[in-house]
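Here is the file coords-v8.tsv (TSV, C-alpha atoms).
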chain	number	residue	atom	x	y	z
O	1	MET	CA	-28.48	-36.16	5.12
O	2	THR	CA	-25.65	-38.31	3.73
O	3	LEU	CA	-23.49	-36.64	1.12
O	4	ARG	CA	-21.92	-38.95	-1.44
O	5	HIS	CA	-18.16	-39.26	-1.70
O	6	SER	CA	-16.27	-39.98	-4.89
O	7	ARG	CA	-16.44	-43.69	-5.63
O	8	THR	CA	-13.21	-43.38	-7.61
O	9	ILE	CA	-11.22	-41.91	-4.73
O	10	THR	CA	-12.82	-44.26	-2.21
O	11	ALA	CA	-11.55	-47.20	-4.27
O	12	VAL	CA	-7.97	-45.90	-4.29
O	13	GLN	CA	-5.66	-47.45	-1.70
O	14	ALA	CA	-4.96	-45.27	1.33
O	15	PRO	CA	-1.33	-44.06	1.49
O	16	ILE	CA	0.28	-46.37	4.00
O	17	ILE	CA	3.31	-44.26	4.95
O	18	PRO	CA	1.29	-41.67	6.94
O	19	VAL	CA	-0.51	-44.54	8.70
O	20	VAL	CA	2.76	-46.20	9.71
O	21	ALA	CA	4.17	-42.80	10.68
O	22	GLU	CA	1.21	-42.26	13.02
O	23	TRP	CA	1.67	-45.69	14.61
O	24	THR	CA	5.36	-44.87	15.03
O	25	LYS	CA	4.58	-41.49	16.58
O	26	ASN	CA	2.15	-43.06	19.04
O	27	THR	CA	4.69	-45.64	20.18
O	28	PRO	CA	7.43	-43.84	22.15
O	29	ASN	CA	11.07	-44.47	21.25
O	30	THR	CA	10.26	-46.25	18.00
O	31	LEU	CA	13.07	-46.08	15.41
O	32	SER	CA	11.91	-45.69	11.82
O	33	LEU	CA	13.05	-47.77	8.88
O	34	GLY	CA	9.95	-46.55	7.10
O	35	GLN	CA	9.63	-43.24	5.31
O	36	GLY	CA	12.05	-42.57	2.47
O	37	MET	CA	13.90	-39.41	3.45
O	38	VAL	CA	17.59	-38.60	3.90
O	39	PHE	CA	19.40	-37.73	7.11
O	40	TYR	CA	20.88	-34.46	5.85
O	41	SER	CA	19.46	-30.96	5.40
O	42	PRO	CA	19.70	-28.70	2.33
O	43	PRO	CA	23.02	-26.99	1.61
O	44	GLU	CA	23.56	-23.66	3.35
O	45	GLN	CA	23.52	-21.92	-0.04
O	46	ALA	CA	19.87	-22.95	-0.51
O	47	LEU	CA	18.87	-21.26	2.74
O	48	ALA	CA	21.04	-18.23	2.02
O	49	ALA	CA	19.26	-17.78	-1.31
O	50	ILE	CA	15.94	-17.08	0.43
O	51	ARG	CA	17.06	-15.03	3.45
O	52	ASP	CA	15.93	-11.78	1.81
O	53	PHE	CA	12.93	-13.26	0.04
O	54	GLY	CA	9.89	-11.00	0.09
O	55	GLN	CA	11.72	-7.67	-0.07
O	56	ARG	CA	10.80	-7.15	-3.74
O	57	PRO	CA	7.15	-6.65	-4.79
O	58	GLU	CA	7.41	-9.11	-7.69
O	59	GLU	CA	8.20	-11.90	-5.23
O	60	HIS	CA	4.57	-11.77	-4.07
O	61	GLN	CA	3.09	-12.07	-7.57
O	62	TYR	CA	2.40	-15.03	-9.82
O	63	SER	CA	5.48	-16.15	-11.71
O	64	ALA	CA	5.99	-18.14	-14.90
O	65	ALA	CA	3.99	-21.36	-15.20
O	66	LEU	CA	6.99	-23.35	-16.43
O	67	GLY	CA	9.25	-22.04	-13.68
O	68	ASP	CA	11.75	-19.28	-12.98
O	69	LYS	CA	14.05	-18.82	-15.98
O	70	ARG	CA	17.15	-18.89	-13.77
O	71	LEU	CA	16.14	-22.28	-12.41
O	72	LEU	CA	15.16	-23.59	-15.84
O	73	ASP	CA	18.58	-22.60	-17.19
O	74	LEU	CA	20.34	-24.40	-14.33
O	75	LEU	CA	18.22	-27.49	-14.90
O	76	ALA	CA	18.97	-27.44	-18.63
O	77	GLU	CA	22.69	-27.34	-17.91
O	78	LYS	CA	22.38	-30.11	-15.33
O	79	LEU	CA	20.49	-32.30	-17.83
O	80	ARG	CA	23.17	-31.69	-20.45
O	81	SER	CA	26.20	-32.31	-18.26
O	82	GLU	CA	24.91	-35.10	-16.01
O	83	ASN	CA	22.19	-36.90	-17.98
O	84	GLN	CA	23.49	-36.25	-21.51
O	85	ILE	CA	20.02	-34.91	-22.38
O	86	ASN	CA	19.86	-32.12	-24.95
O	87	SER	CA	17.28	-29.84	-23.38
O	88	ALA	CA	16.77	-28.12	-26.75
O	89	ASP	CA	14.92	-31.27	-27.82
O	90	TYR	CA	12.55	-31.12	-24.83
O	91	GLN	CA	10.57	-28.74	-22.65
O	92	ILE	CA	11.19	-28.44	-18.90
O	93	MET	CA	8.52	-27.64	-16.31
O	94	VAL	CA	9.08	-27.12	-12.58
O	95	THR	CA	6.47	-28.81	-10.37
O	96	ALA	CA	5.68	-29.18	-6.69
O	97	GLY	CA	7.63	-32.43	-6.44
O	98	ALA	CA	7.96	-35.40	-8.80
O	99	ASN	CA	4.60	-36.81	-7.66
O	100	MET	CA	2.90	-33.74	-9.07
O	101	ALA	CA	4.94	-34.07	-12.25
O	102	PHE	CA	3.63	-37.63	-12.67
O	103	LEU	CA	0.02	-36.60	-12.09
O	104	ASN	CA	0.40	-33.65	-14.49
O	105	VAL	CA	1.70	-36.01	-17.16
O	106	LEU	CA	-1.17	-38.45	-16.70
O	107	LEU	CA	-3.68	-35.64	-17.05
O	108	ALA	CA	-1.99	-34.61	-20.28
O	109	ILE	CA	-1.73	-38.01	-21.97
O	110	THR	CA	-4.60	-40.21	-20.72
O	111	ASP	CA	-8.35	-40.62	-20.94
O	112	PRO	CA	-10.53	-42.77	-18.66
O	113	ASP	CA	-9.99	-46.52	-19.15
O	114	ASP	CA	-6.51	-46.06	-20.60
O	115	GLU	CA	-3.81	-48.38	-19.24
O	116	ILE	CA	-0.39	-47.59	-17.78
O	117	ILE	CA	2.15	-50.39	-17.38
O	118	LEU	CA	3.96	-50.44	-14.03
O	119	PRO	CA	6.76	-52.94	-13.36
O	120	SER	CA	6.00	-54.52	-9.99
O	121	PRO	CA	6.77	-53.81	-7.22
O	122	TYR	CA	5.62	-50.31	-8.11
O	123	TYR	CA	5.77	-46.93	-6.39
O	124	PHE	CA	2.37	-46.79	-4.73
O	125	ASN	CA	1.70	-43.08	-5.31
O	126	GLN	CA	1.94	-43.70	-9.05
O	127	GLU	CA	-0.54	-46.56	-8.87
O	128	MET	CA	-2.84	-44.31	-6.84
O	129	ALA	CA	-2.58	-41.44	-9.35
O	130	ILE	CA	-3.48	-43.76	-12.23
O	131	ARG	CA	-6.60	-45.00	-10.45
O	132	MET	CA	-7.62	-41.46	-9.47
O	133	LEU	CA	-7.92	-40.62	-13.17
O	134	ASN	CA	-10.08	-43.70	-13.81
O	135	CYS	CA	-7.25	-45.33	-15.70
O	136	LYS	CA	-5.97	-48.85	-15.10
O	137	PRO	CA	-2.54	-49.67	-13.68
O	138	VAL	CA	-1.21	-52.85	-15.27
O	139	ALA	CA	1.33	-54.43	-12.92
O	140	VAL	CA	4.00	-56.52	-14.66
O	141	PRO	CA	6.19	-58.66	-12.37
O	142	THR	CA	9.95	-58.20	-12.31
O	143	ASP	CA	12.38	-61.10	-11.86
O	144	CYS	CA	13.84	-62.50	-8.64
O	145	ARG	CA	16.34	-59.62	-8.49
O	146	TYR	CA	13.64	-57.03	-9.28
O	147	GLN	CA	14.97	-56.48	-12.80
O	148	LEU	CA	12.67	-55.85	-15.77
O	149	LYS	CA	11.13	-58.77	-17.67
O	150	LEU	CA	11.01	-57.30	-21.16
O	151	ASP	CA	8.91	-60.09	-22.68
O	152	ALA	CA	6.30	-59.70	-19.96
O	153	ILE	CA	6.17	-55.93	-20.48
O	154	GLU	CA	5.63	-56.34	-24.21
O	155	ALA	CA	2.97	-59.00	-23.64
O	156	ALA	CA	1.07	-56.61	-21.36
O	157	ILE	CA	0.59	-53.98	-24.08
O	158	THR	CA	-2.96	-53.63	-25.40
O	159	GLU	CA	-4.77	-51.14	-27.59
O	160	LYS	CA	-5.55	-49.18	-24.40
O	161	THR	CA	-1.94	-48.85	-23.24
O	162	ARG	CA	-0.70	-45.25	-23.17
O	163	ALA	CA	2.64	-45.49	-21.36
O	164	ILE	CA	5.22	-47.71	-19.71
O	165	VAL	CA	6.72	-46.41	-16.47
O	166	THR	CA	10.23	-47.23	-15.28
O	167	VAL	CA	11.53	-46.12	-11.88
O	168	SER	CA	15.31	-46.48	-11.73
O	169	PRO	CA	16.90	-46.50	-9.22
O	170	ASN	CA	13.76	-48.11	-7.92
O	171	ASN	CA	11.42	-47.38	-5.07
O	172	PRO	CA	10.68	-49.75	-3.32
O	173	SER	CA	13.20	-52.40	-4.39
O	174	GLY	CA	16.41	-50.39	-4.79
O	175	ALA	CA	17.03	-52.07	-8.15
O	176	VAL	CA	18.94	-50.16	-10.83
O	177	TYR	CA	17.75	-51.14	-14.29
O	178	SER	CA	20.46	-51.79	-16.87
O	179	GLU	CA	21.07	-49.41	-19.74
O	180	ASP	CA	20.29	-52.21	-22.19
O	181	ASP	CA	16.88	-52.86	-20.62
O	182	LEU	CA	15.98	-49.16	-20.47
O	183	ARG	CA	17.01	-48.78	-24.11
O	184	ALA	CA	14.82	-51.77	-24.99
O	185	VAL	CA	11.80	-50.32	-23.19
O	186	ASN	CA	12.34	-46.96	-24.89
O	187	THR	CA	12.56	-48.60	-28.30
O	188	LEU	CA	9.42	-50.62	-27.58
O	189	CYS	CA	7.58	-47.45	-26.70
O	190	ARG	CA	8.70	-45.75	-29.90
O	191	GLU	CA	7.67	-48.73	-32.02
O	192	ARG	CA	4.28	-49.09	-30.34
O	193	ASP	CA	3.44	-45.36	-30.13
O	194	LEU	CA	3.60	-45.26	-26.33
O	195	TYR	CA	5.15	-42.83	-23.89
O	196	HIS	CA	8.09	-43.95	-21.79
O	197	ILE	CA	7.77	-42.26	-18.39
O	198	CYS	CA	11.16	-42.42	-16.64
O	199	ASP	CA	11.14	-41.66	-12.91
O	200	GLU	CA	14.72	-40.72	-12.00
O	201	ALA	CA	14.20	-39.21	-8.56
O	202	TYR	CA	17.01	-41.37	-7.10
O	203	GLU	CA	19.48	-40.79	-9.94
O	204	TYR	CA	22.48	-40.09	-7.66
O	205	PHE	CA	21.86	-42.99	-5.28
O	206	VAL	CA	23.79	-45.81	-6.95
O	207	TYR	CA	26.41	-48.11	-5.44
O	208	GLY	CA	28.97	-50.68	-6.48
O	209	SER	CA	29.04	-51.31	-10.22
O	210	ALA	CA	25.59	-49.84	-10.87
O	211	LYS	CA	25.27	-46.89	-13.26
O	212	HIS	CA	22.35	-44.56	-13.74
O	213	PHE	CA	21.08	-44.11	-17.30
O	214	SER	CA	18.60	-41.54	-18.63
O	215	PRO	CA	16.60	-42.85	-21.61
O	216	ALA	CA	15.86	-39.29	-22.76
O	217	SER	CA	19.52	-39.07	-23.77
O	218	LEU	CA	18.87	-41.47	-26.66
O	219	PRO	CA	18.90	-39.70	-30.04
O	220	SER	CA	15.51	-41.13	-31.05
O	221	ALA	CA	13.76	-40.52	-27.72
O	222	SER	CA	12.53	-36.94	-27.81
O	223	SER	CA	9.11	-37.64	-29.33
O	224	HIS	CA	7.92	-40.11	-26.70
O	225	THR	CA	10.11	-39.90	-23.56
O	226	ILE	CA	9.05	-38.12	-20.37
O	227	SER	CA	11.51	-37.85	-17.48
O	228	LEU	CA	10.68	-37.04	-13.85
O	229	TYR	CA	13.19	-35.60	-11.37
O	230	SER	CA	13.15	-34.34	-7.80
O	231	LEU	CA	15.33	-32.34	-5.41
O	232	SER	CA	13.74	-34.01	-2.37
O	233	LYS	CA	16.31	-36.77	-1.88
O	234	ALA	CA	19.52	-35.43	-3.39
O	235	TYR	CA	19.39	-32.04	-1.66
O	236	GLY	CA	17.43	-32.86	1.52
O	237	PHE	CA	14.52	-30.88	0.06
O	238	ALA	CA	11.60	-33.15	1.00
O	239	SER	CA	9.39	-30.44	2.53
O	240	TRP	CA	10.19	-27.85	-0.15
O	241	ARG	CA	8.38	-29.83	-2.87
O	242	VAL	CA	10.55	-29.05	-5.88
O	243	GLY	CA	10.54	-31.40	-8.83
O	244	TYR	CA	10.61	-31.06	-12.59
O	245	VAL	CA	9.46	-32.88	-15.69
O	246	VAL	CA	11.26	-33.07	-19.03
O	247	PHE	CA	8.83	-33.78	-21.87
O	248	PRO	CA	8.24	-33.63	-25.64
O	249	LYS	CA	7.43	-30.13	-26.82
O	250	GLU	CA	4.19	-31.33	-28.39
O	251	LEU	CA	2.80	-31.83	-24.88
O	252	LEU	CA	3.39	-28.22	-23.86
O	253	PRO	CA	-0.16	-26.89	-24.51
O	254	ALA	CA	-1.72	-29.74	-22.52
O	255	LEU	CA	0.73	-29.49	-19.62
O	256	LEU	CA	0.31	-25.71	-19.42
O	257	LYS	CA	-3.44	-26.24	-19.00
O	258	VAL	CA	-2.81	-28.75	-16.22
O	259	GLN	CA	-0.20	-26.57	-14.49
O	260	ASP	CA	-2.39	-23.49	-14.61
O	261	THR	CA	-5.32	-25.40	-13.10
O	262	ASN	CA	-3.41	-27.28	-10.40
O	263	LEU	CA	-0.69	-24.88	-9.35
O	264	ILE	CA	-0.73	-21.74	-11.54
O	265	CYS	CA	3.02	-21.47	-10.98
O	266	PRO	CA	5.65	-23.20	-8.83
O	267	PRO	CA	6.14	-21.44	-5.46
O	268	LEU	CA	8.81	-18.82	-6.03
O	269	ILE	CA	10.49	-19.10	-2.63
O	270	CYS	CA	11.04	-22.82	-3.17
O	271	GLN	CA	12.46	-22.17	-6.61
O	272	GLN	CA	14.90	-19.64	-5.23
O	273	ALA	CA	16.06	-22.17	-2.65
O	274	ALA	CA	16.45	-24.69	-5.47
O	275	ILE	CA	18.60	-22.21	-7.40
O	276	GLY	CA	20.89	-21.98	-4.38
O	277	ALA	CA	21.09	-25.77	-4.15
O	278	LEU	CA	21.80	-26.27	-7.85
O	279	ASN	CA	24.54	-23.66	-7.73
O	280	VAL	CA	26.27	-26.03	-5.30
O	281	GLY	CA	25.45	-28.96	-7.56
O	282	SER	CA	25.27	-32.72	-7.24
O	283	SER	CA	28.62	-32.85	-5.45
O	284	TYR	CA	26.64	-31.98	-2.32
O	285	CYS	CA	24.62	-35.19	-2.56
O	286	LYS	CA	27.60	-37.29	-3.60
O	287	THR	CA	29.51	-36.14	-0.52
O	288	GLN	CA	26.65	-37.34	1.69
O	289	LEU	CA	26.64	-40.68	-0.13
O	290	GLN	CA	29.91	-41.67	1.53
O	291	ARG	CA	28.19	-41.74	4.91
O	292	LEU	CA	25.09	-43.38	3.46
O	293	LEU	CA	27.22	-46.09	1.88
O	294	GLY	CA	28.57	-46.98	5.31
O	295	ILE	CA	25.06	-47.31	6.73
O	296	ARG	CA	24.01	-49.39	3.73
O	297	GLU	CA	26.89	-51.82	4.28
O	298	GLN	CA	26.06	-51.96	7.98
O	299	VAL	CA	22.43	-52.88	7.22
O	300	ILE	CA	23.48	-55.58	4.72
O	301	LYS	CA	25.88	-57.09	7.27
O	302	ARG	CA	23.23	-57.16	10.00
O	303	LEU	CA	20.71	-58.83	7.69
O	304	GLN	CA	23.03	-61.82	7.46
O	305	ASP	CA	21.86	-62.64	11.01
O	306	VAL	CA	18.39	-63.50	9.66
O	307	ARG	CA	19.32	-65.05	6.31
O	308	ASP	CA	17.42	-68.22	7.28
O	309	HIS	CA	14.31	-66.19	8.05
O	310	ILE	CA	14.06	-63.96	4.97
O	311	ASP	CA	14.61	-63.72	1.23
O	312	PHE	CA	16.72	-60.66	0.46
O	313	VAL	CA	18.49	-59.08	-2.53
O	314	ALA	CA	21.25	-56.52	-1.91
O	315	THR	CA	20.17	-54.17	-4.70
O	316	GLU	CA	22.44	-51.30	-5.74
O	317	GLY	CA	20.29	-48.18	-5.80
O	318	ALA	CA	18.15	-45.70	-3.87
O	319	PHE	CA	18.21	-46.41	-0.11
O	320	TYR	CA	15.74	-49.25	0.17
O	321	PHE	CA	15.79	-52.99	0.62
O	322	LEU	CA	12.88	-55.40	0.32
O	323	LEU	CA	12.69	-58.35	2.70
O	324	LYS	CA	10.37	-61.31	2.23
O	325	LEU	CA	9.76	-62.90	5.63
O	326	HIS	CA	9.25	-66.64	6.01
O	327	THR	CA	5.86	-66.32	7.69
O	328	GLN	CA	2.19	-66.74	6.87
O	329	ARG	CA	1.29	-63.56	8.72
O	330	SER	CA	0.20	-60.51	6.74
O	331	ASP	CA	2.79	-57.79	6.24
O	332	LEU	CA	0.51	-55.15	7.78
O	333	ASP	CA	0.10	-57.28	10.90
O	334	VAL	CA	3.87	-57.79	11.07
O	335	VAL	CA	4.48	-54.04	10.80
O	336	LYS	CA	2.08	-53.40	13.69
O	337	THR	CA	3.84	-56.03	15.78
O	338	LEU	CA	7.29	-54.63	15.03
O	339	ILE	CA	6.18	-51.17	16.16
O	340	GLN	CA	4.21	-52.21	19.23
O	341	ASP	CA	6.51	-54.94	20.54
O	342	TYR	CA	9.96	-54.04	19.20
O	343	GLN	CA	9.82	-50.25	18.63
O	344	VAL	CA	10.98	-50.36	15.02
O	345	SER	CA	8.93	-49.53	11.93
O	346	ALA	CA	8.99	-50.54	8.25
O	347	ILE	CA	6.57	-50.27	5.34
O	348	PRO	CA	4.44	-53.29	4.31
O	349	GLY	CA	5.01	-54.61	0.82
O	350	CYS	CA	1.29	-54.74	0.02
O	351	ALA	CA	1.45	-50.96	-0.56
O	352	PHE	CA	3.74	-51.65	-3.54
O	353	GLY	CA	1.63	-54.41	-5.08
O	354	LEU	CA	3.49	-57.30	-3.43
O	355	THR	CA	0.84	-59.87	-2.53
O	356	ASP	CA	2.65	-63.22	-2.82
O	357	GLY	CA	4.00	-63.19	0.72
O	358	CYS	CA	5.00	-61.02	3.66
O	359	TYR	CA	7.27	-58.23	2.41
O	360	LEU	CA	8.79	-55.27	4.24
O	361	ARG	CA	10.48	-52.24	2.70
O	362	LEU	CA	13.37	-50.90	4.74
O	363	SER	CA	14.58	-47.31	4.29
O	364	TYR	CA	17.94	-46.70	5.92
O	365	ALA	CA	18.77	-43.12	4.88
O	366	MET	CA	17.35	-41.26	7.90
O	367	LEU	CA	19.50	-42.89	10.57
O	368	ASP	CA	23.06	-42.35	11.70
O	369	ASN	CA	25.28	-45.38	12.30
O	370	THR	CA	24.38	-45.73	15.97
O	371	ARG	CA	20.62	-45.52	15.48
O	372	ALA	CA	20.79	-47.72	12.38
O	373	ASP	CA	22.50	-50.40	14.44
O	374	GLN	CA	19.87	-50.07	17.18
O	375	ALA	CA	17.05	-50.24	14.64
O	376	MET	CA	18.52	-53.34	13.00
O	377	THR	CA	18.95	-55.06	16.36
O	378	ARG	CA	15.26	-54.49	17.10
O	379	LEU	CA	14.22	-55.56	13.60
O	380	ILE	CA	16.29	-58.74	13.70
O	381	THR	CA	14.93	-59.69	17.12
O	382	GLY	CA	11.39	-59.12	15.87
O	383	ILE	CA	11.90	-61.07	12.65
O	384	LYS	CA	13.35	-64.06	14.49
O	385	HIS	CA	10.39	-64.15	16.85
O	386	ILE	CA	7.74	-63.55	14.18
O	387	THR	CA	9.09	-66.22	11.83
O	388	ALA	CA	9.44	-68.78	14.62
O	389	PHE	CA	5.69	-69.48	14.58
Once more with this new file: its structure as structure tokens, please.
Amino acid sequence: MTLRHSRTITAVQAPIIPVVAEWTKNTPNTLSLGQGMVFYSPPEQALAAIRDFGQRPEEHQYSAALGDKRLLDLLAEKLRSENQINSADYQIMVTAGANMAFLNVLLAITDPDDEIILPSPYYFNQEMAIRMLNCKPVAVPTDCRYQLKLDAIEAAITEKTRAIVTVSPNNPSGAVYSEDDLRAVNTLCRERDLYHICDEAYEYFVYGSAKHFSPASLPSASSHTISLYSLSKAYGFASWRVGYVVFPKELLPALLKVQDTNLICPPLICQQAAIGALNVGSSYCKTQLQRLLGIREQVIKRLQDVRDHIDFVATEGAFYFLLKLHTQRSDLDVVKTLIQDYQVSAIPGCAFGLTDGCYLRLSYAMLDNTRADQAMTRLITGIKHITAF
């Protein structure tokens, strides 16, 4: 007997990061420029906050669907002081990571065959989520520096469009969208009765002259703006799965249905750890950024050695760079070769919708200076050999 699988899920692209991680694991001594995580652990206060967890009976019971009030209050204050968002105009919900927040939002605002506009290159988990709900991702190219093309975004809107997504600072490109462009997208959404979904998971990771801007801070944004945040990067919280979504109050009944079905309530132990982290505040992340900035500059300097072999933009956000190799080989084949022959891994650009050449996404936030230099030496050697044929 052959049992049928979901045709919808079968058609969704397989997540490439676990595949590359398995190749890396099976090749001894491989250094990873692949998965997007940071080198540092959560602040001690986050771990201290959960040392006595489980001593009170209520800690083993379901908690509030929106999240622990203490955490919600801290998030509201953070939004006010750092993002200039008046939380009184919005509702906040704690989720198991920003990916879950995105999926929750899609369930609340879309029906099958609806369209979601994604500037390309896009974050692949968002493209996957859209397809899982039988909606259509509409990829709109960015310019040569991975900045938004506003005319192209507007031209992509149809009667089926439900939302425009912006990810800034961006995964995978590292681009930071300008305040003017984000304002323009938000205004377009208001005028065309669309939601503006703003993924701000990398809000603290900006360099040089770049500035992060939260569209939900605009005075006319509260009816149509949805903002996604995460503790994974800023606080070294990747495995804890703590994110949150800031959304128009009119969506509360729908999102409560989704939350109750998917999660019931955010895990309380993770929320208590998050309370400890937020009591330290964003200064924790910003202190780590000094070290990360040094690694970033080191990577940029080393990439000069292969300037004739790649196209490369030194973007100013997140902890990613995209390289376009001067080769006819597929990016997936190049990634396999880099792992097997040079013991260094990266993520192929095809996962992010890049199909006009051989792209690699580099993530440099997991390595110290010594290992970053070793990884770049291996990568540069591999690129020179691969592009020689």
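With CA of Arg307 in chain O on one side and CA of Arg291 in chain O on the other, the separation reads 25.0 Å.
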Close residues, range 323-326 of chain O itself excluded, 6 Å, all atoms listed in the file, min 4 positions apart in chain, as a PyMOL selection string: chain O and resi 309-312+358-360+387
Given only C-alpha atoms, how would the per-residue table for range 47-100 of chain O near range 246-253 of chain O read, listing every residue at most 7 Å away with its closest atom pair and distance in Å to one decimal, sorted by chain and number, as a tab-separated table?
residue	atom	partner	partner_atom	distance
O:Tyr90	CA	O:Pro248	CA	5.1
O:Gln91	CA	O:Phe247	CA	5.4
O:Ile92	CA	O:Val246	CA	4.6
O:Met93	CA	O:Val246	CA	6.7
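Nearest to Lys78 in chain O of all the residues O:Asn279, O:Thr166, O:Asn134, O:Gln288 is O:Asn279, based on all atoms listed in the file.
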Contacts of Lys301 in chain O at 12 Å or less, counting all atoms listed in the file, minus same-chain residues fewer than 5 places along, as a PyMOL selection string? chain O and resi 294-296+306-307+312+314+372-373+376-377+380
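Each of O:Ser6, O:Asn83, O:Thr27, O:Ser32 was compared to Ser345 in chain O using all atoms listed in the file, and O:Ser32 turns out to be the nearest.
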Quick one: residues within 12 Å of Ala163 in chain O, all atoms listed in the file, excluding same-chain residues fewer than 5 positions away - as a ChimeraX atom specification? /O:102,105-106,108-110,114-119,130,135-138,153-154,156-158,185-186,188-190,192-198,224-226
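Distance annotation: of O:Leu228, O:Ile9, O:Leu72, O:Val38, the residue with the minimal separation from Tyr364 in chain O is O:Val38; atom set is all atoms listed in the file.
Using all atoms listed in the file, the shortest contact distance between Leu338 in chain O and any of O:Leu33, O:Ala216, O:Val94, O:Cys144 is found at O:Leu33.
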Restricting to only C-alpha atoms, whichever of O:Gln61, O:Asn170, O:Thr261, O:Gln271 is closest to Phe237 in chain O is O:Gln271
